[in-house]
Structure formats: C-alpha cells, structure tokens
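File shown: coords37.cif (mmCIF, C-alpha atoms).
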```cif
data_query
#
loop_
_atom_site.label_atom_id
_atom_site.label_comp_id
_atom_site.auth_asym_id
_atom_site.auth_seq_id
_atom_site.Cartn_x
_atom_site.Cartn_y
_atom_site.Cartn_z
CA MET A 1353 -9.74 21.04 -33.50
CA SER A 1354 -9.30 24.11 -31.37
CA LYS A 1355 -5.94 25.69 -30.83
CA VAL A 1356 -4.74 25.73 -27.25
CA LYS A 1357 -3.08 28.99 -26.33
CA LYS A 1358 -0.03 28.75 -24.11
CA LYS A 1359 -0.02 30.88 -20.99
CA SER A 1360 3.01 33.18 -21.00
CA ASN A 1361 4.72 35.00 -18.13
CA SER A 1362 2.67 38.01 -17.09
CA THR A 1363 5.81 40.09 -16.57
CA GLY A 1364 7.69 38.82 -19.61
CA THR A 1365 10.74 38.03 -17.48
CA ILE A 1366 12.85 35.16 -18.77
CA ALA A 1367 15.73 35.14 -16.25
CA LEU A 1368 16.93 37.27 -13.31
CA ASN A 1369 20.43 37.63 -11.89
CA LYS A 1370 19.63 37.68 -8.17
CA ARG A 1371 23.28 37.07 -7.30
CA ALA A 1372 24.27 40.41 -8.85
CA LYS A 1373 21.77 42.26 -6.66
CA TYR A 1374 23.36 40.63 -3.61
CA ASP A 1375 26.99 41.20 -4.66
CA TYR A 1376 26.76 44.73 -6.12
CA PHE A 1377 25.26 48.18 -5.63
CA VAL A 1378 23.33 49.07 -8.80
CA ASP A 1379 24.26 52.56 -10.01
CA GLN A 1380 22.59 52.88 -13.41
CA LYS A 1381 20.54 50.59 -15.69
CA PHE A 1382 20.42 50.28 -19.47
CA GLU A 1383 18.25 48.27 -21.84
CA ALA A 1384 20.13 46.38 -24.57
CA GLY A 1385 19.03 44.19 -27.43
CA LEU A 1386 20.66 40.81 -28.04
CA VAL A 1387 21.95 39.18 -31.21
CA LEU A 1388 20.64 35.60 -31.03
CA SER A 1389 20.29 32.62 -33.30
CA GLY A 1390 17.03 30.73 -33.87
CA TRP A 1391 17.59 27.90 -31.40
CA GLU A 1392 18.41 30.44 -28.65
CA VAL A 1393 15.10 32.26 -29.17
CA LYS A 1394 13.20 28.97 -28.99
CA SER A 1395 15.00 28.04 -25.76
CA LEU A 1396 14.30 31.46 -24.25
CA ARG A 1397 10.59 31.04 -25.06
CA GLU A 1398 10.72 27.97 -22.82
CA GLY A 1399 12.60 29.94 -20.12
CA LYS A 1400 15.83 27.94 -20.36
CA ALA A 1401 18.31 30.70 -19.45
CA GLN A 1402 20.64 31.42 -16.52
CA LEU A 1403 22.40 34.70 -15.74
CA VAL A 1404 24.17 33.68 -12.53
CA ASP A 1405 27.73 34.45 -13.66
CA ALA A 1406 26.85 36.77 -16.56
CA PHE A 1407 28.75 40.00 -17.08
CA VAL A 1408 29.42 42.47 -19.89
CA ILE A 1409 32.79 43.09 -21.54
CA ILE A 1410 33.71 45.83 -24.00
CA HIS A 1411 35.80 44.66 -26.96
CA GLN A 1412 36.58 46.94 -29.94
CA ASN A 1413 33.84 49.42 -28.93
CA GLU A 1414 31.20 46.68 -28.83
CA ALA A 1415 29.44 45.24 -25.77
CA TRP A 1416 29.39 41.46 -25.34
CA LEU A 1417 27.39 39.35 -22.87
CA VAL A 1418 29.67 36.69 -21.36
CA GLY A 1419 28.73 33.83 -19.03
CA ALA A 1420 25.02 33.68 -19.83
CA ARG A 1421 23.83 30.10 -20.30
CA ILE A 1422 21.03 29.35 -22.74
CA THR A 1423 20.29 25.62 -22.63
CA PRO A 1424 19.33 24.23 -26.05
CA LEU A 1425 16.07 22.37 -26.57
CA LEU A 1426 16.56 18.81 -27.74
CA ALA A 1427 13.80 18.96 -30.36
CA ALA A 1428 14.64 22.40 -31.80
CA SER A 1429 18.39 22.11 -32.19
CA THR A 1430 19.02 18.75 -33.84
CA HIS A 1431 20.62 20.11 -37.02
CA VAL A 1432 22.68 22.92 -35.45
CA VAL A 1433 25.76 22.70 -33.24
CA CYS A 1434 24.73 24.59 -30.11
CA GLU A 1435 27.09 26.42 -27.82
CA PRO A 1436 25.18 27.30 -24.60
CA MET A 1437 27.90 29.55 -23.11
CA ARG A 1438 28.90 31.52 -26.23
CA GLN A 1439 29.46 35.29 -26.14
CA ARG A 1440 26.45 37.23 -27.39
CA LYS A 1441 26.63 40.73 -28.82
CA LEU A 1442 24.62 43.44 -27.03
CA LEU A 1443 22.97 46.18 -29.06
CA LEU A 1444 23.29 49.60 -27.41
CA ASN A 1445 23.17 53.21 -28.60
CA ARG A 1446 26.55 54.86 -29.18
CA LYS A 1447 25.99 57.30 -26.26
CA GLU A 1448 25.08 54.48 -23.89
CA LEU A 1449 28.09 52.45 -25.00
CA GLU A 1450 30.46 55.39 -24.51
CA LYS A 1451 29.02 56.02 -21.03
CA ILE A 1452 29.50 52.35 -20.08
CA ILE A 1453 33.10 52.40 -21.39
CA GLN A 1454 33.88 55.61 -19.49
CA ILE A 1455 32.44 54.41 -16.17
CA THR A 1456 33.84 50.85 -16.28
CA GLU A 1457 37.37 52.25 -16.65
CA GLN A 1458 37.04 53.68 -13.12
CA LYS A 1459 38.33 51.55 -10.27
CA GLY A 1460 35.70 49.33 -8.62
CA LYS A 1461 33.08 49.74 -11.36
CA THR A 1462 31.85 46.97 -13.64
CA CYS A 1463 28.93 46.13 -15.87
CA ALA A 1464 26.62 43.18 -15.09
CA ALA A 1465 23.61 41.60 -16.76
CA MET A 1466 20.64 41.87 -14.43
CA ALA A 1467 17.73 40.34 -16.38
CA LEU A 1468 16.51 38.90 -19.67
CA TYR A 1469 12.93 39.75 -20.64
CA TRP A 1470 10.49 40.06 -23.52
CA LYS A 1471 9.57 43.50 -24.84
CA GLY A 1472 6.95 42.94 -27.49
CA ASN A 1473 8.40 40.23 -29.71
CA LYS A 1474 12.03 41.13 -28.95
CA ILE A 1475 14.32 39.85 -26.21
CA LYS A 1476 16.04 42.53 -24.14
CA CYS A 1477 18.82 42.36 -21.58
CA GLU A 1478 18.88 44.73 -18.61
CA VAL A 1479 22.49 45.80 -18.13
CA ALA A 1480 23.59 47.73 -15.05
CA LEU A 1481 26.67 49.68 -14.03
CA VAL A 1482 27.52 48.32 -10.60
CA THR A 1483 29.94 48.76 -7.71
CA GLY A 1484 31.10 45.79 -5.64
CA LYS A 1485 29.82 45.41 -2.09
CA LYS A 1486 32.09 44.69 0.84
CA GLU A 1487 31.23 41.86 3.23
CA HIS A 1488 29.77 44.22 5.85
CA ASP A 1489 27.54 45.83 3.18
CA LYS A 1490 26.11 42.41 2.33
CA ARG A 1491 25.39 41.76 6.01
CA ASP A 1492 23.66 45.15 6.32
CA THR A 1493 21.49 44.39 3.30
CA GLU A 1494 20.53 41.02 4.72
CA ARG A 1495 19.78 42.54 8.14
CA ASP A 1496 17.56 45.23 6.57
CA ARG A 1497 15.71 42.62 4.51
CA ASP A 1498 15.11 40.45 7.62
CA TRP A 1499 13.89 43.44 9.63
CA SER A 1500 11.44 44.53 6.93
CA ARG A 1501 10.09 40.95 6.74
CA ASP A 1502 9.68 40.82 10.56
CA LYS A 1503 8.06 44.26 10.56
CA GLU A 1504 5.51 43.05 7.97
CA ARG A 1505 4.70 40.04 10.17
CA LEU A 1506 4.26 42.21 13.28
CA MET A 1507 1.98 44.66 11.45
CA LYS A 1508 -0.06 41.80 9.99
CA HIS A 1509 -0.69 40.16 13.38
CA ALA A 1510 -1.21 43.39 15.34
#
```
Could you quickly redo this structure as structure tokens?
Amino acid sequence: MSKVKKKSNSTGTIALNKRAKYDYFVDQKFEAGLVLSGWEVKSLREGKAQLVDAFVIIHQNEAWLVGARITPLLAASTHVVCEPMRQRKLLLNRKELEKIIQITEQKGKTCAAMALYWKGNKIKCEVALVTGKKEHDKRDTERDRDWSRDKERLMKHA
C-alpha cells in the first residue's frame, strides 16, 4: 500500500482574528509560543480553532491567552477531559513581556491575539499591541476598503 500524503495549508495559518483587525489599530506585533496539551495539537492540525474573542492578560509576570477556542476531536480525546476555552500560557522573551506590560498599562492600549500558525513543527501565536478604534474610524476603514476594491474593478475593465 502507498501512503497518501495530506495536503497542508501553504501558509501554515491555523486561525485568524479578523475581528481584531476591524476593531483595533495594530501598533506592534510579537510572536509567542503556546503551551498546549496533546489533544489541542491534534485539533489544531485539523484547523479546529477560533480566535474571535481572544485576548492576552498578564498575571504574575506571565502572559496568558484567554478566549481562544480549540474544539476537541472526537476520536483523539476520548480518554482526556477537554476544556476548549481554557487559558493557555504564552511563551515570550522577558524583554517582550516587559514591553507588553509597560504598554498595556497605558490608557486605551490592550493586547490581542491576531493569528495562530505553524512555524516548522511548532505552533505560534501572533500577539499584537493594539489601540481601540472609534466608530468613525471603523467607517473610514470600511470606506477605504470599498474604494480600493472599486478602483481595482475600474482599472481591470478600463
């Protein structure tokens, strides 16, 4: 018998937080490792993750990912009690962690999870320092996006 190779994502992206890009201005990005259990890695291989309401909290000088949902596979997690919404520890350098702590203490600044992706055989989380958008900023972003789409159409047909 021949082994059938599974086609993986060309980009390695597991999940994106598109809502965060709409709600916040991204100031600075960091790459963090994740502490995961075996069933979570198997679920992430299948792409069963959501970052819609995910954010980062700092507790006792450690960064924690809160609100990320990793849906367990039925076949892989029969003998383990799975908690899809548990807090997961983020692995960051001390300098990066201190910078995040310093900036998030300022008014209007927070830290959000932007993406989960593969880097080699490890799973990484893209964490960003963000500032909240006002309602008019969201409308401006949407208007700019619509105009660039219309401009592309006009240039294509001209």
(request) Can you work out which one of A:Leu1443, A:Val1482, A:Val1393, A:Leu1417 has the shortest atom-to-atom distance to A:Tyr1374, counting all atoms listed in the file? (result)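 That would be A:Val1482, the residue with the smallest distance to A:Tyr1374.
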Could you list the residues chosen by the PyMOL selection byres ((chain A and resi 1435) around 10) in this structure as a PDB file with C-alpha atoms, in the frame of the given file?
```
ATOM      1  CA  GLU A1392      18.410  30.440 -28.650  1.00  0.00           C
ATOM      2  CA  ARG A1421      23.830  30.100 -20.300  1.00  0.00           C
ATOM      3  CA  ILE A1422      21.030  29.350 -22.740  1.00  0.00           C
ATOM      4  CA  THR A1423      20.290  25.620 -22.630  1.00  0.00           C
ATOM      5  CA  PRO A1424      19.330  24.230 -26.050  1.00  0.00           C
ATOM      6  CA  VAL A1432      22.680  22.920 -35.450  1.00  0.00           C
ATOM      7  CA  VAL A1433      25.760  22.700 -33.240  1.00  0.00           C
ATOM      8  CA  CYS A1434      24.730  24.590 -30.110  1.00  0.00           C
ATOM      9  CA  PRO A1436      25.180  27.300 -24.600  1.00  0.00           C
ATOM     10  CA  MET A1437      27.900  29.550 -23.110  1.00  0.00           C
ATOM     11  CA  ARG A1438      28.900  31.520 -26.230  1.00  0.00           C
ATOM     12  CA  GLN A1439      29.460  35.290 -26.140  1.00  0.00           C
TER      13      GLN A1439
END
```
(request) Considering only C-alpha atoms, return as a list of chain:residue names whatever protein or nucleic-acid residues lie within 12 Å of A:Asn1413, sequence-local ones (same chain, fewer than 2 positions apart) excluded. (result)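 The contact residues come out as A:Ile1409, A:Ile1410, A:His1411, A:Ala1415, A:Trp1416, A:Lys1441, A:Leu1442, A:Leu1443, A:Leu1444, A:Asn1445, A:Arg1446, A:Lys1447, A:Glu1448, A:Leu1449, A:Glu1450, A:Lys1451, A:Ile1452, A:Ile1453, A:Gln1454.
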Output C-alpha atoms of each residue in that selection to a file, as a PDB file, keeping the file's coordinate frame.
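Result file out-v2.pdb:
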```
ATOM      1  CA  ILE A1409      32.790  43.090 -21.540  1.00  0.00           C
ATOM      2  CA  ILE A1410      33.710  45.830 -24.000  1.00  0.00           C
ATOM      3  CA  HIS A1411      35.800  44.660 -26.960  1.00  0.00           C
ATOM      4  CA  ALA A1415      29.440  45.240 -25.770  1.00  0.00           C
ATOM      5  CA  TRP A1416      29.390  41.460 -25.340  1.00  0.00           C
ATOM      6  CA  LYS A1441      26.630  40.730 -28.820  1.00  0.00           C
ATOM      7  CA  LEU A1442      24.620  43.440 -27.030  1.00  0.00           C
ATOM      8  CA  LEU A1443      22.970  46.180 -29.060  1.00  0.00           C
ATOM      9  CA  LEU A1444      23.290  49.600 -27.410  1.00  0.00           C
ATOM     10  CA  ASN A1445      23.170  53.210 -28.600  1.00  0.00           C
ATOM     11  CA  ARG A1446      26.550  54.860 -29.180  1.00  0.00           C
ATOM     12  CA  LYS A1447      25.990  57.300 -26.260  1.00  0.00           C
ATOM     13  CA  GLU A1448      25.080  54.480 -23.890  1.00  0.00           C
ATOM     14  CA  LEU A1449      28.090  52.450 -25.000  1.00  0.00           C
ATOM     15  CA  GLU A1450      30.460  55.390 -24.510  1.00  0.00           C
ATOM     16  CA  LYS A1451      29.020  56.020 -21.030  1.00  0.00           C
ATOM     17  CA  ILE A1452      29.500  52.350 -20.080  1.00  0.00           C
ATOM     18  CA  ILE A1453      33.100  52.400 -21.390  1.00  0.00           C
ATOM     19  CA  GLN A1454      33.880  55.610 -19.490  1.00  0.00           C
TER      20      GLN A1454
END
```
(request) Choose the residue, out of A:Ser1395, A:Thr1462, A:Ser1389, A:Gln1402, that has the smallest atom-to-atom separation from A:Asn1369; count only C-alpha atoms. (result)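 Among the listed residues, the smallest separation from A:Asn1369 belongs to A:Gln1402.
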(request) Find, counting only C-alpha atoms, the residue in A:Ile1455, A:Val1378, A:Ala1464, A:Leu1481 that gets nearest to A:Ala1420. (result) A:Ala1464
(message) So, with only C-alpha atoms as the atoms that count, which of A:Cys1477, A:Leu1425, A:Val1408, A:Ala1465 lies closest to A:Val1387?
(response)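 Looking at the shortest contact to A:Val1387, the residue is A:Cys1477.
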(message) When you count only C-alpha atoms, which of these residues is closest to A:Lys1461: A:Leu1396, A:Val1418, A:Phe1377, A:Lys1490?
(response) A:Phe1377
(message) Report, in Å with one decimal, the straight-line distance from atom CA of A:Val1404 to atom CA of A:Tyr1376.
(response)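 Between atom CA of A:Val1404 and atom CA of A:Tyr1376 the gap works out to 13.0 Å.
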(request) Starting from the displayed file, determine the output of the PyMOL selection byres ((chain A and resi 1485) around 6) and express the residue list as a PyMOL selection string. (result) chain A and resi 1375-1376+1484+1486+1489
(request) Compare A:Leu1368, A:Ala1467, A:Val1479, A:Leu1426 by their minimum atom-to-atom distance to A:Trp1391, counting only C-alpha atoms, and give me the closest one. (result)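 Of A:Leu1368, A:Ala1467, A:Val1479, A:Leu1426, the one nearest A:Trp1391 is A:Leu1426, counting only C-alpha atoms.
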(request) Go ahead and compute the interatomic distance for atom CA of A:His1488 and atom CA of A:Met1507, in Å to one decimal. (result) 28.4 Å
Reconstructed stretch 1380-1406 of chain A, atom set N, CA and C atoms, as an mmCIF file, in the coordinates of the input:
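Wrote out.cif, looks like this:
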```
data_model
loop_
_atom_site.group_PDB
_atom_site.id
_atom_site.type_symbol
_atom_site.label_atom_id
_atom_site.label_comp_id
_atom_site.auth_asym_id
_atom_site.auth_seq_id
_atom_site.Cartn_x
_atom_site.Cartn_y
_atom_site.Cartn_z
ATOM 1 N N GLN A 1380 23.362 52.411 -12.268
ATOM 2 C CA GLN A 1380 22.590 52.880 -13.410
ATOM 3 C C GLN A 1380 22.225 51.677 -14.284
ATOM 4 N N LYS A 1381 21.001 51.705 -14.863
ATOM 5 C CA LYS A 1381 20.540 50.590 -15.690
ATOM 6 C C LYS A 1381 20.361 51.018 -17.135
ATOM 7 N N PHE A 1382 20.613 50.069 -18.040
ATOM 8 C CA PHE A 1382 20.420 50.280 -19.470
ATOM 9 C C PHE A 1382 19.640 49.094 -20.034
ATOM 10 N N GLU A 1383 18.949 49.335 -21.134
ATOM 11 C CA GLU A 1383 18.250 48.270 -21.840
ATOM 12 C C GLU A 1383 18.985 48.005 -23.145
ATOM 13 N N ALA A 1384 19.373 46.744 -23.368
ATOM 14 C CA ALA A 1384 20.130 46.380 -24.570
ATOM 15 C C ALA A 1384 19.434 45.258 -25.301
ATOM 16 N N GLY A 1385 19.515 45.301 -26.624
ATOM 17 C CA GLY A 1385 19.030 44.190 -27.430
ATOM 18 C C GLY A 1385 20.100 43.115 -27.479
ATOM 19 N N LEU A 1386 19.729 41.930 -27.949
ATOM 20 C CA LEU A 1386 20.660 40.810 -28.040
ATOM 21 C C LEU A 1386 20.672 40.252 -29.455
ATOM 22 N N VAL A 1387 21.844 39.874 -29.934
ATOM 23 C CA VAL A 1387 21.950 39.180 -31.210
ATOM 24 C C VAL A 1387 21.915 37.689 -30.898
ATOM 25 N N LEU A 1388 20.846 37.015 -31.335
ATOM 26 C CA LEU A 1388 20.640 35.600 -31.030
ATOM 27 C C LEU A 1388 20.396 34.803 -32.289
ATOM 28 N N SER A 1389 20.644 33.503 -32.186
ATOM 29 C CA SER A 1389 20.290 32.620 -33.300
ATOM 30 C C SER A 1389 18.926 31.989 -33.005
ATOM 31 N N GLY A 1390 18.394 31.263 -33.981
ATOM 32 C CA GLY A 1390 17.030 30.730 -33.870
ATOM 33 C C GLY A 1390 16.828 29.785 -32.707
ATOM 34 N N TRP A 1391 17.769 28.863 -32.484
ATOM 35 C CA TRP A 1391 17.590 27.900 -31.400
ATOM 36 C C TRP A 1391 17.611 28.589 -30.041
ATOM 37 N N GLU A 1392 18.357 29.711 -29.930
ATOM 38 C CA GLU A 1392 18.410 30.440 -28.650
ATOM 39 C C GLU A 1392 17.064 31.090 -28.345
ATOM 40 N N VAL A 1393 16.419 31.636 -29.373
ATOM 41 C CA VAL A 1393 15.100 32.260 -29.170
ATOM 42 C C VAL A 1393 14.089 31.216 -28.728
ATOM 43 N N LYS A 1394 14.122 30.042 -29.358
ATOM 44 C CA LYS A 1394 13.200 28.970 -28.990
ATOM 45 C C LYS A 1394 13.431 28.516 -27.548
ATOM 46 N N SER A 1395 14.685 28.427 -27.141
ATOM 47 C CA SER A 1395 15.000 28.040 -25.760
ATOM 48 C C SER A 1395 14.545 29.104 -24.778
ATOM 49 N N LEU A 1396 14.724 30.374 -25.148
ATOM 50 C CA LEU A 1396 14.300 31.460 -24.250
ATOM 51 C C LEU A 1396 12.785 31.509 -24.119
ATOM 52 N N ARG A 1397 12.062 31.135 -25.165
ATOM 53 C CA ARG A 1397 10.590 31.040 -25.060
ATOM 54 C C ARG A 1397 10.177 30.036 -23.988
ATOM 55 N N GLU A 1398 10.978 28.991 -23.829
ATOM 56 C CA GLU A 1398 10.720 27.970 -22.820
ATOM 57 C C GLU A 1398 11.314 28.342 -21.457
ATOM 58 N N GLY A 1399 12.036 29.477 -21.385
ATOM 59 C CA GLY A 1399 12.600 29.940 -20.120
ATOM 60 C C GLY A 1399 13.883 29.234 -19.720
ATOM 61 N N LYS A 1400 14.619 28.705 -20.660
ATOM 62 C CA LYS A 1400 15.830 27.940 -20.360
ATOM 63 C C LYS A 1400 17.071 28.839 -20.421
ATOM 64 N N ALA A 1401 17.171 29.776 -19.497
ATOM 65 C CA ALA A 1401 18.310 30.700 -19.450
ATOM 66 C C ALA A 1401 18.755 30.904 -18.009
ATOM 67 N N GLN A 1402 20.065 31.123 -17.833
ATOM 68 C CA GLN A 1402 20.640 31.420 -16.520
ATOM 69 C C GLN A 1402 21.610 32.583 -16.658
ATOM 70 N N LEU A 1403 21.526 33.528 -15.728
ATOM 71 C CA LEU A 1403 22.400 34.700 -15.740
ATOM 72 C C LEU A 1403 23.288 34.782 -14.500
ATOM 73 N N VAL A 1404 23.492 33.657 -13.829
ATOM 74 C CA VAL A 1404 24.170 33.680 -12.530
ATOM 75 C C VAL A 1404 25.560 34.319 -12.612
ATOM 76 N N ASP A 1405 26.378 33.913 -13.553
ATOM 77 C CA ASP A 1405 27.730 34.450 -13.660
ATOM 78 C C ASP A 1405 27.884 35.378 -14.857
ATOM 79 N N ALA A 1406 26.804 35.956 -15.337
ATOM 80 C CA ALA A 1406 26.850 36.770 -16.560
ATOM 81 C C ALA A 1406 27.393 38.172 -16.261
#
```
